[in-house]
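To keep things clear, I will list the structure first and then write my remarks on it.
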Amino acid sequence: MNKTVFLSLIGIFLLKLEVNAQELPQIGIFGGYTFPGGVFTDLHDFSYKPVNNAGIFAEFDRLDHLFMNTGIMYSQNETGPITLSPEVKVPKDFSSNMTFNYLQIYGRLKYSYKLVNHVNVYYSAGLYGGYLISGSYTENNDKINATSNMHRGNGGLLGGVGISFDISKLKLNLGADANYGFFYTVKDLPYRGTIYSAGVITSLGISYPVDFE
C-alpha cells in the first residue's frame, strides 16, 4: 500500500469520529516505556534499548462496552549495537547504532468489560501514523545526523490489552500495546539490510471527564 494513501486513511479515520457519547469524553495524559524492535534482513543480533514515551489522549464512549481512543505520543527509539551477517565483510571492531525520534498519532477501538466494581479489563486494536522528527546514525562513536537518510513517515497496526481503575471521577489506565510498521525506516543502510519498525509500548495514564457543552 502506498504510504501517502495509508497515512491519509488514518487522517480520515480520525477526522470522521462522531461523538455519540453515553458518558462524558475522557481527556488524559500517559507515560511509560517503549520496548522497540524491528523486522529486518541481512542483520544479526540487532537489538533495541527501552526508552521513555509520553503523550495525551482522548476517549469517547461509542457503544456499550465499546470506546474510541485517539492520541498523540512522542517516543525515541534507539538501537543497541548492530552486528552484521557473517557474509557482510566489515572490520572486526565495527560498531554501529541508530536513534529515531518519533511523533505518533493513533486511533483505536477499545472493548472494555467490568472485572469487579470500579475495575475494567480492555482489549484494543487500531492504526497509527508516525512522523520522524529526527534521526541519527553512530558508527565507531562518530554521530551523524541521518534524518535525510530515513523515511519521515510511517504507519501500521496497533493493538493491546490493559486494565483501568475508576477512582471517583478519575480513570487510571495501565496497558501494553504492540505495534508493527508497514514501511521500512531507513532508505539505504550503510551495509545491506532493511528494517521495519515494531515493538511493545507500556504506559500508565490518567484521565478526567470533560464536558464540551
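Simple scheme: letters A, B, ... for chains in C-alpha cells order, numbers from 1 for residues in each chain, numbers from 1 for ligands in the order shown.
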
Name all residues at most 6 Å from region 155-163 of chain A (count only C-alpha atoms; drop same-chain ones fewer than 4 positions away) and give them as a compact mmCIF listing (two decimals) with N, CA, C and O atoms, in the first residue's frame.
# COMPACT_ATOMS: atom_id res chain seq x y z
N ASN A 120 -11.93 -2.46 35.31
CA ASN A 120 -12.30 -2.95 33.98
C ASN A 120 -11.07 -3.46 33.24
O ASN A 120 -9.97 -2.92 33.39
N VAL A 121 -11.27 -4.48 32.44
CA VAL A 121 -10.24 -5.02 31.56
C VAL A 121 -10.62 -4.66 30.12
O VAL A 121 -11.80 -4.67 29.77
N TYR A 122 -9.64 -4.32 29.30
CA TYR A 122 -9.96 -3.95 27.92
C TYR A 122 -8.98 -4.55 26.92
O TYR A 122 -7.84 -4.87 27.23
N TYR A 123 -9.50 -4.70 25.68
CA TYR A 123 -8.71 -5.08 24.52
C TYR A 123 -8.83 -3.95 23.51
O TYR A 123 -9.87 -3.29 23.43
N SER A 124 -7.80 -3.72 22.73
CA SER A 124 -7.86 -2.63 21.77
C SER A 124 -7.15 -3.00 20.47
O SER A 124 -6.25 -3.85 20.45
N ALA A 125 -7.57 -2.35 19.38
CA ALA A 125 -6.94 -2.55 18.07
C ALA A 125 -7.19 -1.31 17.22
O ALA A 125 -8.25 -0.68 17.31
N GLY A 126 -6.19 -0.93 16.42
CA GLY A 126 -6.36 0.25 15.59
C GLY A 126 -5.16 0.49 14.68
O GLY A 126 -4.39 -0.43 14.38
N LEU A 127 -5.03 1.73 14.25
CA LEU A 127 -3.98 2.13 13.33
C LEU A 127 -3.18 3.29 13.92
O LEU A 127 -3.69 4.05 14.74
N TYR A 128 -1.93 3.43 13.49
CA TYR A 128 -1.15 4.60 13.89
C TYR A 128 -0.37 5.14 12.70
O TYR A 128 -0.06 4.43 11.74
N GLY A 129 -0.08 6.43 12.76
CA GLY A 129 0.78 7.07 11.79
C GLY A 129 1.91 7.75 12.53
O GLY A 129 1.70 8.39 13.57
N GLY A 130 3.13 7.60 12.05
CA GLY A 130 4.29 8.18 12.72
C GLY A 130 5.02 9.17 11.84
O GLY A 130 5.04 9.03 10.61
N ASN A 173 -5.34 4.13 33.91
CA ASN A 173 -5.17 3.08 32.91
C ASN A 173 -3.75 2.54 32.94
O ASN A 173 -2.78 3.29 32.95
N LEU A 174 -3.65 1.21 32.90
CA LEU A 174 -2.35 0.54 32.81
C LEU A 174 -2.45 -0.44 31.65
O LEU A 174 -3.29 -1.34 31.65
N GLY A 175 -1.59 -0.24 30.62
CA GLY A 175 -1.74 -1.07 29.44
C GLY A 175 -0.44 -1.38 28.72
O GLY A 175 0.61 -0.79 29.01
N ALA A 176 -0.54 -2.32 27.79
CA ALA A 176 0.59 -2.68 26.94
C ALA A 176 0.07 -2.86 25.52
O ALA A 176 -0.95 -3.55 25.31
N ASP A 177 0.72 -2.24 24.56
CA ASP A 177 0.32 -2.31 23.16
C ASP A 177 1.49 -2.76 22.30
O ASP A 177 2.64 -2.35 22.52
N ALA A 178 1.20 -3.58 21.31
CA ALA A 178 2.20 -3.97 20.33
C ALA A 178 1.91 -3.22 19.03
O ALA A 178 0.75 -2.99 18.68
N ASN A 179 2.97 -2.81 18.32
CA ASN A 179 2.76 -2.16 17.03
C ASN A 179 3.68 -2.76 15.97
O ASN A 179 4.73 -3.32 16.28
N TYR A 180 3.25 -2.64 14.74
CA TYR A 180 4.04 -3.12 13.60
C TYR A 180 3.90 -2.12 12.46
O TYR A 180 2.79 -1.77 12.04
N GLY A 181 5.03 -1.62 11.96
CA GLY A 181 5.03 -0.65 10.86
C GLY A 181 5.05 -1.32 9.50
O GLY A 181 5.71 -2.35 9.30
N PHE A 182 4.33 -0.73 8.56
CA PHE A 182 4.22 -1.28 7.22
C PHE A 182 5.36 -0.85 6.29
O PHE A 182 5.53 -1.42 5.22

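The space separating CA of Ile105 (chain A) from CA of Ile167 (chain A) comes to 27.3 Å.
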